[in-house]
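Student: Got query-v1.csv for you, CSV, C-alpha atoms:
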chain,number,residue,atom,x,y,z
A,259,ASP,CA,0.0,0.0,0.0
A,260,ASP,CA,1.0,3.7,-0.1
A,261,ILE,CA,2.2,3.8,3.5
A,262,THR,CA,4.5,0.8,3.0
A,263,GLU,CA,5.8,2.5,-0.2
A,264,LEU,CA,6.5,5.7,1.8
A,265,PHE,CA,8.6,3.8,4.3
A,266,ARG,CA,10.4,1.8,1.6
A,267,GLU,CA,11.3,5.1,-0.1
A,268,ARG,CA,12.2,7.2,3.0
A,269,ILE,CA,13.8,4.4,5.2
A,270,PRO,CA,14.8,1.7,2.6
A,271,TYR,CA,17.3,-0.2,4.8
A,272,SER,CA,15.5,0.1,8.1
A,273,SER,CA,15.7,-3.7,8.8
A,274,THR,CA,19.4,-3.9,8.3
A,275,SER,CA,20.8,-0.4,8.9
A,276,LYS,CA,20.9,2.2,11.6
A,277,ASP,CA,21.1,5.1,9.1
A,278,PRO,CA,19.5,8.2,10.4
A,279,ILE,CA,16.2,9.4,9.1
A,280,GLU,CA,16.9,12.5,7.2
A,281,SER,CA,14.2,15.2,7.4
A,282,MET,CA,11.8,13.7,10.0
A,283,GLU,CA,9.5,16.7,9.5
A,284,GLY,CA,9.2,15.9,5.8
A,285,LEU,CA,8.5,12.2,6.7
A,286,VAL,CA,5.9,13.3,9.2
A,287,GLU,CA,4.2,15.6,6.6
A,288,GLU,CA,4.1,12.9,4.0
A,289,PHE,CA,2.8,10.3,6.5
A,290,ARG,CA,0.1,12.5,7.8
A,291,SER,CA,-1.2,13.3,4.3
A,292,LEU,CA,-1.4,9.5,3.6
A,293,VAL,CA,-3.2,8.6,6.8
A,294,ALA,CA,-5.5,11.6,7.3
A,295,MET,CA,-8.5,9.8,5.8
A,296,ARG,CA,-7.8,6.6,7.8
A,297,LEU,CA,-7.4,7.9,11.3
A,298,ALA,CA,-11.0,7.3,12.2
A,299,GLN,CA,-10.3,3.6,11.9
A,300,VAL,CA,-7.2,3.6,14.0
A,301,ASP,CA,-7.6,2.6,17.7
A,302,VAL,CA,-3.9,2.9,18.7
A,303,PHE,CA,-0.6,3.8,17.2
A,304,LEU,CA,2.3,1.4,17.8
A,305,CYS,CA,6.0,2.4,17.4
A,306,THR,CA,9.1,0.4,18.0
A,307,VAL,CA,11.7,3.1,17.3
A,308,ALA,CA,11.5,6.1,19.6
A,309,TYR,CA,12.2,8.6,16.8
A,310,LEU,CA,9.4,7.2,14.6
A,311,CYS,CA,6.9,7.8,17.4
A,312,LEU,CA,7.1,11.4,16.3
A,313,LEU,CA,4.8,10.3,13.4
A,314,ALA,CA,2.0,10.1,15.9
A,315,GLU,CA,2.8,13.3,17.8
A,316,GLY,CA,-0.3,15.5,17.8
A,317,LEU,CA,-2.6,12.9,16.1
A,318,ASP,CA,-4.8,12.6,19.2
A,319,LEU,CA,-4.4,8.8,19.3
A,320,PRO,CA,-3.3,6.5,22.1
A,321,VAL,CA,0.4,5.6,21.4
A,322,LEU,CA,2.2,2.5,22.6
A,323,GLY,CA,5.9,2.4,22.2
A,324,TYR,CA,8.1,-0.6,22.8
A,325,PHE,CA,11.8,0.1,22.3
A,326,GLY,CA,14.7,-2.4,21.9
A,327,HIS,CA,17.1,0.3,20.5
A,328,PRO,CA,18.8,3.2,22.2
A,329,LEU,CA,16.8,6.4,22.3
A,330,LEU,CA,18.9,8.1,19.5
A,331,PHE,CA,18.6,5.2,17.1
A,332,MET,CA,18.0,6.6,13.6
A,333,VAL,CA,18.2,10.2,14.9
A,334,PRO,CA,20.7,12.3,12.8
A,335,ARG,CA,23.9,13.4,14.6
A,336,GLU,CA,23.1,17.1,14.2
A,337,ASP,CA,22.9,18.9,17.6
A,338,ARG,CA,19.9,21.0,16.4
A,339,VAL,CA,17.9,17.8,15.6
A,340,ARG,CA,18.8,16.1,18.8
A,341,GLU,CA,18.0,19.1,20.9
A,342,ASP,CA,14.6,19.3,19.3
A,343,PHE,CA,14.0,15.6,19.8
A,344,TRP,CA,14.7,15.4,23.5
A,345,PRO,CA,11.8,17.6,24.7
A,346,ARG,CA,9.4,16.2,22.1
A,347,PHE,CA,10.0,12.7,23.3
A,348,VAL,CA,9.6,13.7,27.0
A,349,ARG,CA,6.3,15.4,26.3
A,350,MET,CA,5.0,12.4,24.5
A,351,ALA,CA,6.2,10.0,27.2
A,352,SER,CA,4.5,12.2,29.8
A,353,SER,CA,1.2,12.2,28.0
A,354,PRO,CA,-1.7,10.3,29.6
A,355,ASN,CA,-2.5,8.7,26.2
A,356,VAL,CA,1.0,7.4,25.7
A,357,GLY,CA,2.6,4.2,27.1
A,358,PHE,CA,6.3,3.7,26.4
A,359,ALA,CA,8.5,0.8,27.6
A,360,VAL,CA,11.9,-0.6,26.9
A,361,SER,CA,13.0,-4.2,26.4
A,362,ASP,CA,15.5,-4.5,29.3
A,363,PRO,CA,16.9,-2.9,32.4
A,364,PHE,CA,20.1,-1.8,30.8
A,365,LEU,CA,18.2,0.1,28.1
A,366,GLN,CA,16.0,1.5,30.8
A,367,MET,CA,19.1,3.0,32.5
A,368,GLN,CA,20.2,4.5,29.2
A,369,TYR,CA,16.9,6.2,28.6
A,370,ASP,CA,16.8,7.3,32.3
A,371,TYR,CA,20.3,8.9,31.9
A,372,GLN,CA,19.4,10.6,28.7
A,373,VAL,CA,16.0,12.1,29.5
A,374,GLY,CA,15.4,11.5,33.2
A,375,SER,CA,11.7,11.7,33.8
A,376,PRO,CA,9.4,9.9,33.1
A,377,ARG,CA,11.2,6.6,33.8
A,378,LEU,CA,10.2,4.0,31.3
A,379,PRO,CA,9.3,0.5,32.5
A,380,ALA,CA,11.5,-2.4,31.3
A,381,ILE,CA,9.5,-5.3,29.9
A,382,ARG,CA,11.4,-8.4,28.7
A,383,THR,CA,10.6,-9.2,25.1
A,384,HIS,CA,9.5,-12.9,25.1
A,385,ALA,CA,9.0,-13.4,28.8
A,386,LEU,CA,10.5,-16.9,28.5
A,387,TYR,CA,11.3,-16.6,32.2
A,388,THR,CA,7.6,-17.2,33.0
A,389,GLU,CA,7.8,-20.7,31.5
A,390,ALA,CA,4.1,-20.2,30.5
A,391,MET,CA,2.6,-21.4,27.2
A,392,HIS,CA,-0.2,-19.7,25.3
A,393,PHE,CA,-2.3,-21.2,22.5
A,394,PRO,CA,-4.3,-18.3,20.9
A,395,GLU,CA,-7.8,-19.5,20.3
A,396,ARG,CA,-9.9,-16.3,20.7
A,397,ALA,CA,-9.1,-13.6,18.1
A,398,GLY,CA,-10.8,-10.9,20.1
A,399,GLU,CA,-8.4,-11.0,23.0
A,400,VAL,CA,-4.9,-9.8,23.8
A,401,LEU,CA,-2.5,-11.8,25.9
A,402,VAL,CA,-0.3,-9.7,28.2
A,403,MET,CA,2.1,-10.3,31.1
A,404,ASP,CA,0.7,-9.8,34.5
A,405,ARG,CA,3.8,-8.5,36.3
A,406,PRO,CA,3.8,-5.6,38.7
A,407,HIS,CA,6.5,-3.6,36.8
A,408,GLU,CA,4.7,-4.2,33.6
A,409,CYS,CA,1.4,-2.6,34.7
A,410,VAL,CA,1.8,0.4,32.3
A,411,LEU,CA,1.0,-1.9,29.4
A,412,MET,CA,-1.9,-3.5,31.3
A,413,CYS,CA,-3.3,-0.2,32.3
A,414,MET,CA,-3.1,1.2,28.8
A,415,LEU,CA,-4.8,-1.9,27.3
A,416,PHE,CA,-7.5,-1.8,29.9
A,417,ARG,CA,-8.1,1.9,29.3
A,418,LEU,CA,-8.3,1.3,25.5
A,419,LEU,CA,-10.7,-1.6,26.0
A,420,ARG,CA,-12.9,0.5,28.3
A,421,ALA,CA,-13.0,3.4,25.9
A,422,LYS,CA,-13.9,1.3,22.8
A,423,THR,CA,-17.5,1.9,21.6
A,424,ILE,CA,-19.8,-0.7,20.4
A,425,ASP,CA,-22.8,0.4,18.4
A,426,SER,CA,-22.2,4.0,19.7
A,427,GLU,CA,-22.3,2.9,23.4
A,428,VAL,CA,-19.2,3.0,25.5
A,429,VAL,CA,-18.3,-0.4,26.9
A,430,ASP,CA,-18.3,0.1,30.7
A,431,ALA,CA,-18.9,-3.5,31.5
A,432,VAL,CA,-15.3,-4.4,31.2
A,433,ALA,CA,-13.8,-4.7,34.6
A,434,GLU,CA,-10.7,-6.3,36.1
A,435,ASP,CA,-12.9,-9.2,37.3
A,436,ASP,CA,-13.8,-10.0,33.7
A,437,TRP,CA,-10.2,-10.8,32.8
A,438,SER,CA,-9.5,-14.5,33.0
A,439,VAL,CA,-6.4,-15.3,35.0
A,440,ASP,CA,-4.4,-18.6,34.6
A,441,ASP,CA,-1.6,-19.5,36.9
A,442,GLY,CA,-1.2,-15.8,38.0
A,443,ARG,CA,1.4,-15.0,35.4
A,444,LEU,CA,-0.6,-14.2,32.2
A,445,ARG,CA,-3.9,-12.4,31.7
A,446,VAL,CA,-6.2,-12.0,28.8
A,447,ALA,CA,-7.6,-8.5,28.2
A,448,SER,CA,-10.9,-8.7,26.3
A,449,ALA,CA,-14.0,-6.6,25.8
A,450,PRO,CA,-17.4,-7.8,24.5
A,451,GLY,CA,-17.6,-7.0,20.8
A,452,TYR,CA,-14.0,-5.8,20.4
A,453,PRO,CA,-12.8,-5.1,17.7
Here is a file; write its structure as structure tokens.
Tutor:
Amino acid sequence: DDITELFRERIPYSSTSKDPIESMEGLVEEFRSLVAMRLAQVDVFLCTVAYLCLLAEGLDLPVLGYFGHPLLFMVPREDRVREDFWPRFVRMASSPNVGFAVSDPFLQMQYDYQVGSPRLPAIRTHALYTEAMHFPERAGEVLVMDRPHECVLMCMLFRLLRAKTIDSEVVDAVAEDDWSVDDGRLRVASAPGYP
């Protein structure tokens, strides 16, 4: 589609390179012109590179960011660009509609050193340490870790599910008691009629 083509044109080697994104403002402008007519169908924006989260800045959408790269990954080495990026990232990370996390405690320390507050939670990628197994059978549910330090993701998903409308009615029936719990380590977040 046209969005894929935009990324292939502007970030052609993103899967194998750490080359900086030149002219983020130009990319943002092109991206917004492509997605403008589709935003009503978008429930949440997901980004895995902190710099690319700027694509969602000001779109009035919930944003989830999960980062496995340093904060300045793909950011040009120009002081002016970096000095502009720091406060924009901190504003987004401080927003009530944004949930950011990093993949490990070491990366968490890097982000903490670079931007200070807010401190991003560290959530391990595959959670293999839980020794739990999941077989997805219900397409309308999302499996998430149930760990105290990972509650940012749980809270964000819970908030999004509560805010989802079904036939123009807000779903208020979703409560924590409705979430099935198996073995105390994993939870399924679901809402009647979602998506």
Student: Using all atoms listed in the file, which of the listed residues (A:Val293, A:Leu285, A:Val373, A:Val360) sits closest to A:Phe325?
Tutor: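 Among the listed residues, the smallest separation from A:Phe325 belongs to A:Val360.
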Student: Have a look at atom CA of A:Ser273 and atom CA of A:Tyr324 and let me know their distance in Å, one decimal.
Tutor: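 Calculated distance between atom CA of A:Ser273 and atom CA of A:Tyr324 is 16.2 Å.
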Student: Can you tell me how far atom CA of A:Arg335 sits from atom CA of A:Ser281, in Å to one decimal?
Tutor: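 Spanning atom CA of A:Arg335 to atom CA of A:Ser281 is a straight-line distance of 12.2 Å.
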Student: To one decimal place, how far is atom CA of A:Leu304 from atom CA of A:Leu329 in Å?
Tutor: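 Answer for the atom CA of A:Leu304 to atom CA of A:Leu329 separation: 16.0 Å.
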Student: Quick one: residues within 7 Å of stretch 345-359 of chain A, all atoms listed in the file, excluding same-chain residues fewer than 2 positions away - as a list in words?
Tutor: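 Near stretch 345-359 of chain A, the qualifying residues are Pro320, Val321, Leu322, Gly323, Tyr324, Phe325, Asp342, Phe343, Ser361, Pro376, Leu378, Pro379, Ala380, Ile381, Val410, Leu411 and Met414 of chain A.
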Student: Find, counting all atoms listed in the file, the residue in A:His327, A:Arg296, A:Arg290, A:Arg268 that gets nearest to A:Tyr369.
Tutor: A:His327
Student: Could you check which residues have any atom within 6 Å of (8.9, 14.3, 13.0), counting all atoms listed in the file with coordinates taken straight from the file, and then list them as a PyMOL selection string?
Tutor: chain A and resi 282-283+286+312-313
Student: Pick from A:Ile279, A:Leu310, A:Leu264, A:Leu319: nearest to A:Leu297, with only C-alpha atoms counted?
Tutor: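 Between A:Ile279, A:Leu310, A:Leu264, A:Leu319, the residue approaching A:Leu297 most closely is A:Leu319.
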Student: Report as a PDB file with C-alpha atoms, in the coordinates of the input all protein, DNA and RNA residues lying within 6 Å of stretch 274-278 of chain A, evaluated on only C-alpha atoms, omitting residues in the same chain fewer than 2 positions from it.
Tutor:
ATOM      1  CA  TYR A 271      17.300  -0.200   4.800  1.00  0.00           C
ATOM      2  CA  SER A 272      15.500   0.100   8.100  1.00  0.00           C
ATOM      3  CA  GLU A 280      16.900  12.500   7.200  1.00  0.00           C
ATOM      4  CA  MET A 332      18.000   6.600  13.600  1.00  0.00           C
ATOM      5  CA  VAL A 333      18.200  10.200  14.900  1.00  0.00           C
ATOM      6  CA  PRO A 334      20.700  12.300  12.800  1.00  0.00           C
TER       7      PRO A 334
END
Student: Could you give me, as a PyMOL selection string, the residues that have an atom at most 12 Å away from the point (-3.1, 8.0, 6.5) in the coordinates of the file, using all atoms listed in the file?
Tutor: chain A and resi 259-262+264+286-300+303+313-314+317
Student: Could you take the residues named above and write them with C-alpha atoms, as a JSON list (two decimals), in the frame of the given file?
Tutor:
[["chain", "number", "residue", "atom", "x", "y", "z"],
["A", 259, "ASP", "CA", 0.00, 0.00, 0.00],
["A", 260, "ASP", "CA", 1.00, 3.70, -0.10],
["A", 261, "ILE", "CA", 2.20, 3.80, 3.50],
["A", 262, "THR", "CA", 4.50, 0.80, 3.00],
["A", 264, "LEU", "CA", 6.50, 5.70, 1.80],
["A", 286, "VAL", "CA", 5.90, 13.30, 9.20],
["A", 287, "GLU", "CA", 4.20, 15.60, 6.60],
["A", 288, "GLU", "CA", 4.10, 12.90, 4.00],
["A", 289, "PHE", "CA", 2.80, 10.30, 6.50],
["A", 290, "ARG", "CA", 0.10, 12.50, 7.80],
["A", 291, "SER", "CA", -1.20, 13.30, 4.30],
["A", 292, "LEU", "CA", -1.40, 9.50, 3.60],
["A", 293, "VAL", "CA", -3.20, 8.60, 6.80],
["A", 294, "ALA", "CA", -5.50, 11.60, 7.30],
["A", 295, "MET", "CA", -8.50, 9.80, 5.80],
["A", 296, "ARG", "CA", -7.80, 6.60, 7.80],
["A", 297, "LEU", "CA", -7.40, 7.90, 11.30],
["A", 298, "ALA", "CA", -11.00, 7.30, 12.20],
["A", 299, "GLN", "CA", -10.30, 3.60, 11.90],
["A", 300, "VAL", "CA", -7.20, 3.60, 14.00],
["A", 303, "PHE", "CA", -0.60, 3.80, 17.20],
["A", 313, "LEU", "CA", 4.80, 10.30, 13.40],
["A", 314, "ALA", "CA", 2.00, 10.10, 15.90],
["A", 317, "LEU", "CA", -2.60, 12.90, 16.10]]
Student: Where atoms are missing, can you supply all heavy atoms for stretch 351-362 of chain A and output the lot as a tab-separated table (two decimals), keeping the file's coordinate frame?
Tutor:
chain	number	residue	atom	x	y	z
A	351	ALA	N	6.14	11.02	26.15
A	351	ALA	CA	6.20	10.00	27.20
A	351	ALA	C	5.44	10.40	28.45
A	351	ALA	O	4.99	9.54	29.20
A	351	ALA	CB	7.69	9.75	27.56
A	352	SER	N	5.26	11.70	28.67
A	352	SER	CA	4.50	12.20	29.80
A	352	SER	C	3.03	12.30	29.61
A	352	SER	O	2.27	12.54	30.54
A	352	SER	CB	5.07	13.58	30.23
A	352	SER	OG	6.44	13.51	30.50
A	353	SER	N	2.59	12.11	28.38
A	353	SER	CA	1.20	12.20	28.00
A	353	SER	C	0.37	11.08	28.62
A	353	SER	O	0.82	9.93	28.60
A	353	SER	CB	1.02	12.26	26.53
A	353	SER	OG	-0.34	12.16	26.17
A	354	PRO	N	-0.84	11.34	29.11
A	354	PRO	CA	-1.70	10.30	29.60
A	354	PRO	C	-2.15	9.26	28.58
A	354	PRO	O	-2.57	8.16	28.90
A	354	PRO	CB	-2.86	10.99	30.27
A	354	PRO	CG	-2.89	12.32	29.62
A	354	PRO	CD	-1.49	12.65	29.22
A	355	ASN	N	-2.06	9.63	27.30
A	355	ASN	CA	-2.50	8.70	26.20
A	355	ASN	C	-1.33	7.96	25.61
A	355	ASN	O	-1.49	7.35	24.55
A	355	ASN	CB	-3.20	9.52	25.12
A	355	ASN	CG	-4.53	10.05	25.58
A	355	ASN	OD1	-5.20	9.46	26.41
A	355	ASN	ND2	-4.91	11.19	25.06
A	356	VAL	N	-0.18	8.01	26.25
A	356	VAL	CA	1.00	7.40	25.70
A	356	VAL	C	1.57	6.39	26.74
A	356	VAL	O	1.65	6.70	27.93
A	356	VAL	CB	2.09	8.41	25.34
A	356	VAL	CG1	3.39	7.74	24.92
A	356	VAL	CG2	1.58	9.32	24.23
A	357	GLY	N	1.94	5.21	26.28
A	357	GLY	CA	2.60	4.20	27.10
A	357	GLY	C	3.86	3.73	26.44
A	357	GLY	O	3.79	3.08	25.39
A	358	PHE	N	5.01	4.09	26.99
A	358	PHE	CA	6.30	3.70	26.40
A	358	PHE	C	6.95	2.70	27.40
A	358	PHE	O	6.83	2.83	28.61
A	358	PHE	CB	7.23	4.87	26.24
A	358	PHE	CG	6.89	5.79	25.10
A	358	PHE	CD1	7.38	7.08	25.08
A	358	PHE	CD2	6.10	5.37	24.03
A	358	PHE	CE1	7.10	7.95	24.04
A	358	PHE	CE2	5.81	6.23	22.98
A	358	PHE	CZ	6.31	7.52	22.99
A	359	ALA	N	7.69	1.73	26.83
A	359	ALA	CA	8.50	0.80	27.60
A	359	ALA	C	9.70	0.39	26.84
A	359	ALA	O	9.73	0.52	25.61
A	359	ALA	CB	7.63	-0.45	27.97
A	360	VAL	N	10.71	-0.10	27.54
A	360	VAL	CA	11.90	-0.60	26.90
A	360	VAL	C	12.07	-2.08	27.16
A	360	VAL	O	11.43	-2.63	28.05
A	360	VAL	CB	13.18	0.18	27.39
A	360	VAL	CG1	13.13	1.63	26.94
A	360	VAL	CG2	13.32	0.09	28.89
A	361	SER	N	12.96	-2.72	26.38
A	361	SER	CA	13.00	-4.20	26.40
A	361	SER	C	13.88	-4.77	27.52
A	361	SER	O	13.81	-5.97	27.76
A	361	SER	CB	13.58	-4.68	25.05
A	361	SER	OG	14.90	-4.18	24.85
A	362	ASP	N	14.68	-3.96	28.22
A	362	ASP	CA	15.50	-4.50	29.30
A	362	ASP	C	15.99	-3.47	30.24
A	362	ASP	O	15.95	-2.28	29.93
A	362	ASP	CB	16.74	-5.25	28.65
A	362	ASP	CG	17.58	-4.33	27.80
A	362	ASP	OD1	18.43	-3.64	28.37
A	362	ASP	OD2	17.36	-4.31	26.57
